[in-house]
Every structure is written in C-alpha cells, then in structure tokens.
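Coordinates as given in coords.tsv (TSV, C-alpha atoms):
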chain	number	residue	atom	x	y	z
O	1	MET	CA	105.22	90.91	164.86
O	2	LYS	CA	107.44	93.20	162.85
O	3	PRO	CA	110.73	92.35	161.14
O	4	ALA	CA	114.07	93.46	162.53
O	5	PRO	CA	115.48	96.64	160.94
O	6	PHE	CA	117.04	96.18	157.51
O	7	GLU	CA	118.49	98.19	154.63
O	8	TYR	CA	116.31	98.09	151.51
O	9	HIS	CA	117.39	98.14	147.85
O	10	SER	CA	115.17	98.00	144.76
O	11	PRO	CA	117.43	97.51	141.72
O	12	SER	CA	116.10	97.36	138.17
O	13	SER	CA	118.72	95.19	136.44
O	14	ILE	CA	120.45	91.86	136.93
O	15	GLU	CA	123.80	93.64	137.02
O	16	GLU	CA	122.64	95.78	139.95
O	17	ILE	CA	121.37	92.84	142.00
O	18	LEU	CA	124.60	90.92	141.49
O	19	THR	CA	126.68	93.94	142.47
O	20	LEU	CA	124.65	94.29	145.66
O	21	LYS	CA	124.92	90.57	146.44
O	22	SER	CA	128.66	90.72	145.88
O	23	GLN	CA	128.86	93.64	148.28
O	24	TYR	CA	126.71	92.23	151.09
O	25	GLY	CA	127.00	88.43	150.67
O	26	ASP	CA	125.19	86.37	153.28
O	27	ASP	CA	123.98	89.53	155.05
O	28	ALA	CA	121.60	90.13	152.13
O	29	LYS	CA	118.41	88.30	151.18
O	30	PHE	CA	116.60	88.49	147.87
O	31	LEU	CA	112.92	89.41	148.01
O	32	ALA	CA	111.03	87.66	145.19
O	33	GLY	CA	107.36	86.87	145.84
O	34	GLY	CA	107.86	87.19	149.58
O	35	GLN	CA	105.42	84.39	150.41
O	36	SER	CA	108.01	82.54	152.50
O	37	LEU	CA	110.55	85.22	153.35
O	38	VAL	CA	108.22	87.93	154.66
O	39	PRO	CA	106.45	85.72	157.27
O	40	ALA	CA	109.85	84.41	158.40
O	41	MET	CA	111.09	87.99	158.77
O	42	ASN	CA	107.95	89.03	160.65
O	43	PHE	CA	108.54	86.25	163.18
O	44	ARG	CA	112.26	87.14	163.20
O	45	ILE	CA	113.20	83.60	162.23
O	46	VAL	CA	115.22	85.29	159.49
O	47	GLN	CA	116.83	88.68	160.13
O	48	PRO	CA	118.71	89.91	157.05
O	49	SER	CA	120.46	93.21	157.46
O	50	VAL	CA	119.92	93.95	153.73
O	51	LEU	CA	116.91	93.21	151.55
O	52	ILE	CA	117.32	93.22	147.75
O	53	ASP	CA	113.92	93.48	146.06
O	54	LEU	CA	113.86	91.71	142.68
O	55	ASN	CA	110.41	92.82	141.59
O	56	ARG	CA	111.63	95.61	139.30
O	57	VAL	CA	114.04	93.33	137.41
O	58	SER	CA	111.84	92.51	134.42
O	59	ASP	CA	114.60	90.52	132.71
O	60	LEU	CA	114.07	87.75	135.27
O	61	SER	CA	110.41	87.21	134.41
O	62	PHE	CA	109.87	85.09	131.30
O	63	ILE	CA	108.73	81.69	130.03
O	64	ARG	CA	109.83	80.74	126.52
O	65	GLU	CA	110.61	77.73	124.36
O	66	ASP	CA	114.17	77.43	123.10
O	67	GLY	CA	114.92	74.40	120.95
O	68	ASN	CA	113.94	71.35	122.99
O	69	VAL	CA	113.80	73.11	126.38
O	70	ILE	CA	111.68	75.69	128.14
O	71	ARG	CA	113.56	78.56	129.76
O	72	VAL	CA	111.94	80.14	132.81
O	73	GLY	CA	113.16	83.27	134.55
O	74	SER	CA	113.50	82.96	138.30
O	75	MET	CA	110.91	85.72	138.84
O	76	ALA	CA	108.19	84.00	136.80
O	77	ARG	CA	105.11	83.76	139.00
O	78	GLU	CA	103.71	80.37	139.90
O	79	ARG	CA	100.39	81.55	138.48
O	80	HIS	CA	102.09	82.12	135.12
O	81	LEU	CA	103.42	78.55	135.18
O	82	GLU	CA	99.92	77.31	135.91
O	83	PHE	CA	98.40	78.79	132.76
O	84	ASP	CA	101.30	78.85	130.30
O	85	ALA	CA	100.55	76.87	127.13
O	86	SER	CA	104.17	75.78	126.64
O	87	ILE	CA	104.36	74.40	130.17
O	88	GLU	CA	101.13	72.48	129.62
O	89	LYS	CA	102.31	70.99	126.32
O	90	ARG	CA	106.01	70.41	126.96
O	91	THR	CA	106.20	69.67	130.70
O	92	PRO	CA	102.76	68.29	131.62
O	93	LEU	CA	103.96	67.04	135.02
O	94	LEU	CA	104.69	70.62	136.07
O	95	HIS	CA	101.36	71.79	134.65
O	96	GLU	CA	99.51	69.15	136.66
O	97	ALA	CA	101.35	69.88	139.91
O	98	VAL	CA	101.37	73.69	140.11
O	99	PRO	CA	97.70	74.01	141.20
O	100	SER	CA	98.64	71.98	144.31
O	101	ILE	CA	100.93	74.79	145.49
O	102	ALA	CA	99.22	76.63	148.35
O	103	HIS	CA	96.32	78.87	147.23
O	104	PRO	CA	95.72	81.04	144.13
O	105	GLN	CA	96.50	84.17	146.14
O	106	ILE	CA	99.90	82.71	147.04
O	107	ARG	CA	100.59	81.59	143.48
O	108	ASN	CA	99.77	85.09	142.21
O	109	ARG	CA	102.83	86.42	144.05
O	110	GLY	CA	105.04	83.39	144.62
O	111	THR	CA	107.84	82.82	142.12
O	112	ILE	CA	109.48	79.69	140.80
O	113	GLY	CA	112.93	80.92	141.82
O	114	GLY	CA	111.85	81.99	145.29
O	115	SER	CA	110.41	78.57	146.07
O	116	ILE	CA	113.41	76.72	144.66
O	117	VAL	CA	115.94	78.80	146.60
O	118	ASN	CA	113.92	78.52	149.81
O	119	ALA	CA	114.41	74.74	149.54
O	120	ASP	CA	111.57	73.82	151.86
O	121	PRO	CA	111.38	69.99	152.10
O	122	ALA	CA	107.58	70.26	152.01
O	123	ALA	CA	107.48	72.43	148.87
O	124	GLU	CA	106.40	71.14	145.48
O	125	LEU	CA	108.70	73.02	143.10
O	126	PRO	CA	112.05	71.66	144.38
O	127	VAL	CA	110.67	68.13	143.98
O	128	LEU	CA	109.42	68.91	140.49
O	129	MET	CA	112.78	70.31	139.42
O	130	ILE	CA	114.44	66.99	140.20
O	131	ALA	CA	111.62	64.96	138.67
O	132	LEU	CA	111.89	67.01	135.46
O	133	ASN	CA	115.71	66.83	135.27
O	134	ALA	CA	115.86	70.63	135.34
O	135	ARG	CA	119.05	72.66	135.19
O	136	LEU	CA	119.44	75.84	137.21
O	137	LYS	CA	121.59	78.82	136.27
O	138	ALA	CA	123.45	80.54	139.10
O	139	LYS	CA	125.14	83.84	138.39
O	140	ASN	CA	127.44	86.24	140.22
O	141	LYS	CA	129.04	89.50	139.19
O	142	SER	CA	131.73	87.91	137.04
O	143	ALA	CA	130.56	84.43	136.02
O	144	GLU	CA	127.70	82.00	135.68
O	145	ARG	CA	127.30	78.24	136.08
O	146	TRP	CA	124.65	75.60	135.47
O	147	LEU	CA	123.72	73.07	138.13
O	148	ASP	CA	121.61	69.96	137.74
O	149	ALA	CA	118.62	70.12	140.07
O	150	LYS	CA	119.75	66.96	141.85
O	151	ASP	CA	122.96	68.79	142.85
O	152	PHE	CA	121.31	72.08	143.76
O	153	PHE	CA	119.52	71.10	146.98
O	154	ALA	CA	121.91	70.59	149.88
O	155	GLY	CA	119.55	69.98	152.81
O	156	MET	CA	116.77	71.65	154.72
O	157	PHE	CA	116.43	75.27	153.49
O	158	THR	CA	119.93	74.96	152.00
O	159	THR	CA	121.18	75.07	148.40
O	160	ALA	CA	124.46	74.99	146.52
O	161	LEU	CA	124.30	78.74	145.80
O	162	GLU	CA	127.35	80.71	146.91
O	163	SER	CA	126.95	83.85	149.01
O	164	ASP	CA	127.46	86.14	146.00
O	165	GLU	CA	125.21	84.22	143.57
O	166	ALA	CA	121.61	84.54	142.43
O	167	LEU	CA	119.42	81.97	140.72
O	168	VAL	CA	118.47	83.62	137.44
O	169	GLU	CA	117.07	80.93	135.14
O	170	ILE	CA	115.57	77.45	135.08
O	171	GLU	CA	115.91	75.13	132.08
O	172	LEU	CA	113.22	72.46	131.67
O	173	PRO	CA	113.70	69.77	128.99
O	174	PHE	CA	110.67	68.78	126.94
O	175	ALA	CA	109.06	65.52	128.00
O	176	GLU	CA	110.23	62.66	125.81
O	177	PRO	CA	107.80	60.75	123.56
O	178	ARG	CA	106.00	57.89	125.34
O	179	THR	CA	106.38	59.64	128.69
O	180	GLY	CA	103.62	59.48	131.29
O	181	TRP	CA	103.42	61.54	134.45
O	182	SER	CA	101.46	62.00	137.65
O	183	PHE	CA	101.65	64.20	140.73
O	184	MET	CA	99.74	63.54	143.95
O	185	GLU	CA	99.91	64.78	147.51
O	186	VAL	CA	97.84	64.45	150.67
O	187	ALA	CA	97.28	67.50	152.88
O	188	PRO	CA	95.05	68.11	155.92
O	189	ARG	CA	93.18	70.72	153.87
O	190	SER	CA	93.49	71.96	150.31
O	191	GLY	CA	96.35	74.45	150.14
O	192	ASP	CA	98.01	73.28	153.37
O	193	TYR	CA	101.49	71.79	153.46
O	194	ALA	CA	101.25	68.19	152.29
O	195	MET	CA	101.87	65.34	154.72
O	196	MET	CA	103.38	63.46	151.78
O	197	GLY	CA	103.60	63.94	148.02
O	198	VAL	CA	105.26	62.36	145.01
O	199	ALA	CA	106.11	63.43	141.46
O	200	THR	CA	106.27	60.48	139.10
O	201	SER	CA	107.46	60.15	135.53
O	202	VAL	CA	107.73	57.04	133.35
O	203	THR	CA	109.13	56.78	129.81
O	204	LEU	CA	108.49	53.62	127.79
O	205	ASP	CA	110.54	52.26	124.89
O	206	GLU	CA	109.13	51.13	121.55
O	207	ASN	CA	108.30	47.71	123.01
O	208	GLY	CA	106.37	49.12	125.96
O	209	LYS	CA	109.06	48.41	128.51
O	210	CYS	CA	110.15	51.04	131.02
O	211	LYS	CA	113.05	53.05	129.59
O	212	SER	CA	113.41	55.43	132.54
O	213	ALA	CA	111.48	56.49	135.63
O	214	LYS	CA	111.53	59.13	138.35
O	215	LEU	CA	110.00	59.00	141.83
O	216	VAL	CA	110.65	62.16	143.84
O	217	TYR	CA	109.03	62.86	147.23
O	218	LEU	CA	108.21	65.94	149.27
O	219	ASN	CA	108.08	66.07	153.07
O	220	ALA	CA	109.98	62.78	153.09
O	221	GLY	CA	113.36	63.94	154.38
O	222	ASP	CA	115.48	67.07	154.79
O	223	GLY	CA	114.97	67.98	151.13
O	224	PRO	CA	113.49	66.55	147.95
O	225	VAL	CA	113.99	62.77	148.07
O	226	ASP	CA	114.83	61.11	144.76
O	227	ALA	CA	114.06	57.39	145.12
O	228	VAL	CA	116.67	56.27	142.61
O	229	GLU	CA	116.71	52.59	143.57
O	230	ALA	CA	112.94	52.15	143.36
O	231	ALA	CA	112.82	53.93	140.01
O	232	GLN	CA	115.72	51.89	138.65
O	233	SER	CA	113.95	48.65	139.60
O	234	LEU	CA	111.34	49.47	136.94
O	235	VAL	CA	113.81	50.00	134.06
O	236	GLY	CA	113.79	47.32	131.38
O	237	GLU	CA	110.54	45.83	132.65
O	238	MET	CA	106.94	45.75	131.55
O	239	LEU	CA	105.11	47.62	134.29
O	240	ASN	CA	102.56	45.55	136.16
O	241	ASP	CA	100.84	45.70	139.54
O	242	THR	CA	103.36	43.41	141.24
O	243	LEU	CA	106.38	45.38	140.05
O	244	ILE	CA	104.73	48.69	140.89
O	245	GLU	CA	103.88	47.53	144.41
O	246	SER	CA	107.44	46.29	144.92
O	247	ALA	CA	108.90	49.64	143.84
O	248	ALA	CA	106.45	51.54	146.04
O	249	LEU	CA	107.33	49.39	149.05
O	250	HIS	CA	111.07	49.85	148.50
O	251	ALA	CA	110.79	53.62	148.16
O	252	SER	CA	108.55	54.02	151.20
O	253	GLU	CA	110.55	51.72	153.47
O	254	LYS	CA	114.14	52.14	152.28
O	255	GLU	CA	114.63	55.48	150.53
O	256	ILE	CA	112.58	58.12	152.34
O	257	THR	CA	113.18	59.37	155.88
O	258	PRO	CA	110.01	61.20	157.01
O	259	PHE	CA	110.23	63.01	160.33
O	260	GLY	CA	106.59	62.90	161.34
O	261	ASN	CA	104.69	65.97	162.52
O	262	ILE	CA	101.52	67.04	164.31
O	263	HIS	CA	99.40	65.86	161.38
O	264	ALA	CA	101.04	62.52	160.60
O	265	SER	CA	103.46	60.09	162.21
O	266	ALA	CA	106.48	58.94	160.25
O	267	GLU	CA	104.79	55.53	159.94
O	268	PHE	CA	101.69	57.10	158.42
O	269	GLN	CA	103.82	59.17	156.05
O	270	ARG	CA	105.45	55.97	154.82
O	271	HIS	CA	102.00	54.47	154.27
O	272	LEU	CA	100.98	57.55	152.28
O	273	ALA	CA	104.18	57.36	150.24
O	274	LYS	CA	103.52	53.74	149.29
O	275	THR	CA	99.88	54.40	148.38
O	276	LEU	CA	100.66	57.53	146.36
O	277	THR	CA	103.53	55.83	144.56
O	278	MET	CA	101.33	52.95	143.44
O	279	LYS	CA	98.61	55.32	142.25
O	280	THR	CA	100.91	57.69	140.40
O	281	LEU	CA	102.92	54.91	138.76
O	282	LYS	CA	99.75	53.32	137.39
O	283	ILE	CA	98.53	56.66	136.05
O	284	ALA	CA	101.93	57.51	134.57
O	285	ALA	CA	102.22	54.11	132.90
O	286	GLU	CA	98.75	54.42	131.40
O	287	ARG	CA	99.49	57.91	130.09
O	288	ALA	CA	102.81	56.76	128.64
O	289	THR	CA	101.09	54.12	126.52
O	290	LYS	CA	98.94	56.87	124.97
O	291	GLU	CA	101.84	59.23	124.16
O	292	ASN	CA	103.44	59.13	120.72
Translate the structure described by the file into structure tokens.
Amino acid sequence: MKPAPFEYHSPSSIEEILTLKSQYGDDAKFLAGGQSLVPAMNFRIVQPSVLIDLNRVSDLSFIREDGNVIRVGSMARERHLEFDASIEKRTPLLHEAVPSIAHPQIRNRGTIGGSIVNADPAAELPVLMIALNARLKAKNKSAERWLDAKDFFAGMFTTALESDEALVEIELPFAEPRTGWSFMEVAPRSGDYAMMGVATSVTLDENGKCKSAKLVYLNAGDGPVDAVEAAQSLVGEMLNDTLIESAALHASEKEITPFGNIHASAEFQRHLAKTLTMKTLKIAAERATKEN
C-alpha cells in the first residue's frame, strides 16, 4: 500500500523543526529512522498531513560523556548505541540490550528518539530508559523541560510530549559502583517482537545487601511496566534464591498485565516474566558483587 498524501519538510536545524511543529501541531509527524512510522503510514494506520524529516538535523545526532552522565541526541542511531565505547563502559545494561532490538538492518536506521517517542509496549528502549533512570529533554519553540523517563510514557503509543514539542536529548546517568545488570527477552524468532522481556538492575551496598533494584518489563501492559513493589522487596536484603523467587512471583502475578497474543497467552507471558526475572536477578546480583 501507499501512504495518504502529505506535505513534506526537510529542515536542517532544531529551530526550523520546532517552528514547523509549532505551526502544524498534531497534524505533523517527525520522521526519524522511519522503521515504525513508514510501515504505519503505508498501511494508513497513521495519516499525518505533514511530515517533518529530521535526518538533516545533525545537531540531534551525538553520544558524549558529560560529567557523570551520557548525553545522547534523539537522532543517534541504535547501531551507534550498540558499538559506542562510553555506552558499553558507563551504561552496560543498555549495551547488553541493544543487540536484541530487531535486526542489524533496522538498527542501522532506527533512532533512540524515534523508538522512545513511538512508545510501543513491546519495544526495548522505552523499558531501558526507565530501568536506567534516564531523563528526557522536550523542547518547543520557546522553552525546554526535562522529564524523568517514568513520567514520559503515558500509555500505549502515547507520551507526555505536547503537540508543539520534540524530544531532543536523552540523559543517561553512569551506573553506580557495585551495580549489576541483565537484560533478557523471549521472542518466537531472533529479531521478532518479544513475547516478554525484562531489564534488571541491582546495586549493592558495602555490606553486600541490596541498596536499590529495578525490574522493568516489555510487552507486559500498555507501556513499560516498572515493578516497583517487587524491586523494593529486595532492598536492604542479602539476595538469595528464596528472595529472588518471591520477587519474581510478585512481579509476574501482581504488577504486570500482559494482554496475550497469537504467540503467547497472558498466562504464558506471566510464566515467562517469572522465569526471566529469576534469571536476570541472579545474573545482576553476581555481576554486582564483581563491580568496584
């Protein structure tokens, strides 16, 4: 199929894209990597009357360390995240998870900002933003604001962005000392949408007890699902198999709301969530003990 007719703009600066978004509002869509938007337009699921192509805006494509955070432009390609040395060293959870995103051909074009703004409940990057305690910079023609990732996602394919705003930057804090991580998902085939996935992070204190933890799930609700209660049950404790199993059971039974699909029933998704949680927590705890 072919997309519905639209007006096309190809600006070369952030100021131009924000002026256009201010002018057209919800009638306009940003074209980043196009890996989600273009198929949706071809099937006429999405029919923007204006398309604003971001690919000439070089100021939105960067990855750099700044103090104790990594700053990532919204047009940074997923493939760049995959091989960036700072990402590998400072945010190893993201480094581990990015190769699970679709296929290399998709990651060559797909962007971090495009995936985040698309807010697909089955996508990896929205989940990772919450797991990493990222902050996201939204900007319009006259102002900018920072949003915590946990406040950015507002439901299925929905974010807190206003109609005149663009996501321009992502801020990723360095992993703390004694932090372990793990990302796992189960898909029908490599590169397919996962039936269930979880991003896990554990930070230990000087005595080896859990100082903080994150358990964030994909394809487990109408957006990224942050299992706050299960993670909190680990804090202040020495992690062991019994505690880990209890947290995994609570998250899978009480905190996620999988819908089920043609590949997996909701019951099977809960089973996957429990199994993946136990595996990732054990890996994260082991890695945390090795981190200085």
Between CA of Thr159 in chain O and CA of Arg44 in chain O, what is the distance in Å, rounded to a tenth? 21.1 Å
Determine, using all atoms listed in the file, which residues of range 140-232 of chain O have any atom at most 12 Å from an atom of range 240-249 of chain O, and tabulate each with its shortest atom pair and distance in Å to one decimal place, rows ordered by chain and then rising number, as JSON lines.
{"residue": "O:Val198", "atom": "CA", "partner": "O:Ala248", "partner_atom": "CA", "distance": 10.9}
{"residue": "O:Thr200", "atom": "CA", "partner": "O:Ala248", "partner_atom": "CA", "distance": 11.3}
{"residue": "O:Val202", "atom": "CA", "partner": "O:Ile244", "partner_atom": "CA", "distance": 11.6}
{"residue": "O:Gly208", "atom": "CA", "partner": "O:Asn240", "partner_atom": "CA", "distance": 11.5}
{"residue": "O:Lys209", "atom": "CA", "partner": "O:Asn240", "partner_atom": "CA", "distance": 10.4}
{"residue": "O:Cys210", "atom": "CA", "partner": "O:Asn240", "partner_atom": "CA", "distance": 10.7}
{"residue": "O:Ala213", "atom": "CA", "partner": "O:Ala247", "partner_atom": "CA", "distance": 11.0}
{"residue": "O:Lys214", "atom": "CA", "partner": "O:Ala247", "partner_atom": "CA", "distance": 11.3}
{"residue": "O:Leu215", "atom": "CA", "partner": "O:Ala248", "partner_atom": "CA", "distance": 9.3}
{"residue": "O:Val216", "atom": "CA", "partner": "O:Ala248", "partner_atom": "CA", "distance": 11.6}
{"residue": "O:Tyr217", "atom": "CA", "partner": "O:Ala248", "partner_atom": "CA", "distance": 11.7}
{"residue": "O:Ala227", "atom": "CA", "partner": "O:Ala247", "partner_atom": "CA", "distance": 9.4}
{"residue": "O:Val228", "atom": "CA", "partner": "O:Ala247", "partner_atom": "CA", "distance": 10.3}
{"residue": "O:Glu229", "atom": "CA", "partner": "O:Ala247", "partner_atom": "CA", "distance": 8.4}
{"residue": "O:Ala230", "atom": "CA", "partner": "O:Ala247", "partner_atom": "CA", "distance": 4.8}
{"residue": "O:Ala231", "atom": "CA", "partner": "O:Ala247", "partner_atom": "CA", "distance": 7.0}
{"residue": "O:Gln232", "atom": "CA", "partner": "O:Ala247", "partner_atom": "CA", "distance": 8.9}
From the list O:Glu65, O:Ile106, O:Tyr8, O:Asp59, which residue is nearest Gln35 in chain O when using only C-alpha atoms?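 Ranking O:Glu65, O:Ile106, O:Tyr8, O:Asp59 by distance to Gln35 in chain O, first place goes to O:Ile106.
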Tell me which protein, DNA and RNA residues are within 10 Å of Gly34 in chain O, counting all atoms listed in the file, leaving out same-chain ones fewer than 2 positions away, and put them as a PyMOL selection string. chain O and resi 30-32+36-41+53+106+109-111+114-115
Record the distance separating CA of Arg270 in chain O and CA of Arg135 in chain O, expressed in Å with one decimal. 29.1 Å
Work out how far CA of Ser74 in chain O is from CA of Pro121 in chain O, in Å to one decimal. 19.1 Å
I want to know what sits within 9 Å of Pro11 in chain O, based on only C-alpha atoms, with residues of the same chain fewer than 3 positions away left out; could you give that as a short mmCIF file (atom, residue, chain, number, x, y, z; two decimals) with C-alpha atoms, keeping the file's coordinate frame?
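Listed below is the output, around-v3.cif:
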data_model
loop_
_atom_site.label_atom_id
_atom_site.label_comp_id
_atom_site.auth_asym_id
_atom_site.auth_seq_id
_atom_site.Cartn_x
_atom_site.Cartn_y
_atom_site.Cartn_z
CA ILE O 14 120.45 91.86 136.93
CA GLU O 15 123.80 93.64 137.02
CA GLU O 16 122.64 95.78 139.95
CA ILE O 17 121.37 92.84 142.00
CA LEU O 20 124.65 94.29 145.66
CA ILE O 52 117.32 93.22 147.75
CA ASP O 53 113.92 93.48 146.06
CA LEU O 54 113.86 91.71 142.68
CA ASN O 55 110.41 92.82 141.59
CA ARG O 56 111.63 95.61 139.30
CA VAL O 57 114.04 93.33 137.41
#
Option closest in space to Lys150 in chain O, from O:Ala251, O:Val72, O:Ala134, O:Val98 [counting all atoms listed in the file]: O:Ala134
Excluding Ala119 in chain O and residues on its chain fewer than 2 positions from it, collect all residues at most 9 Å away from it, counting all atoms listed in the file, and give them as a PDB file with C-alpha atoms, keeping the file's coordinate frame.
ATOM      1  CA  GLY O 114     111.850  81.990 145.290  1.00  0.00           C
ATOM      2  CA  SER O 115     110.410  78.570 146.070  1.00  0.00           C
ATOM      3  CA  ILE O 116     113.410  76.720 144.660  1.00  0.00           C
ATOM      4  CA  VAL O 117     115.940  78.800 146.600  1.00  0.00           C
ATOM      5  CA  PRO O 121     111.380  69.990 152.100  1.00  0.00           C
ATOM      6  CA  ALA O 122     107.580  70.260 152.010  1.00  0.00           C
ATOM      7  CA  ALA O 123     107.480  72.430 148.870  1.00  0.00           C
ATOM      8  CA  LEU O 125     108.700  73.020 143.100  1.00  0.00           C
ATOM      9  CA  PRO O 126     112.050  71.660 144.380  1.00  0.00           C
ATOM     10  CA  PHE O 153     119.520  71.100 146.980  1.00  0.00           C
ATOM     11  CA  ALA O 154     121.910  70.590 149.880  1.00  0.00           C
ATOM     12  CA  GLY O 155     119.550  69.980 152.810  1.00  0.00           C
ATOM     13  CA  MET O 156     116.770  71.650 154.720  1.00  0.00           C
ATOM     14  CA  PHE O 157     116.430  75.270 153.490  1.00  0.00           C
ATOM     15  CA  THR O 158     119.930  74.960 152.000  1.00  0.00           C
ATOM     16  CA  THR O 159     121.180  75.070 148.400  1.00  0.00           C
ATOM     17  CA  GLY O 223     114.970  67.980 151.130  1.00  0.00           C
ATOM     18  CA  PRO O 224     113.490  66.550 147.950  1.00  0.00           C
TER      19      PRO O 224
END
Using all atoms listed in the file, determine which residues lie at most 12 Å from Asn261 in chain O, disregarding the query and same-chain residues fewer than 6 positions distant; provide the list as a compact mmCIF listing (two decimals) with C-alpha atoms, in the frame of the given file.
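File produced: around.txt:
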# COMPACT_ATOMS: atom_id res chain seq x y z
CA ALA O 122 107.58 70.26 152.01
CA PRO O 188 95.05 68.11 155.92
CA TYR O 193 101.49 71.79 153.46
CA ALA O 194 101.25 68.19 152.29
CA MET O 195 101.87 65.34 154.72
CA MET O 196 103.38 63.46 151.78
CA ASN O 219 108.08 66.07 153.07
CA ALA O 220 109.98 62.78 153.09
CA GLU O 267 104.79 55.53 159.94
CA PHE O 268 101.69 57.10 158.42
CA GLN O 269 103.82 59.17 156.05
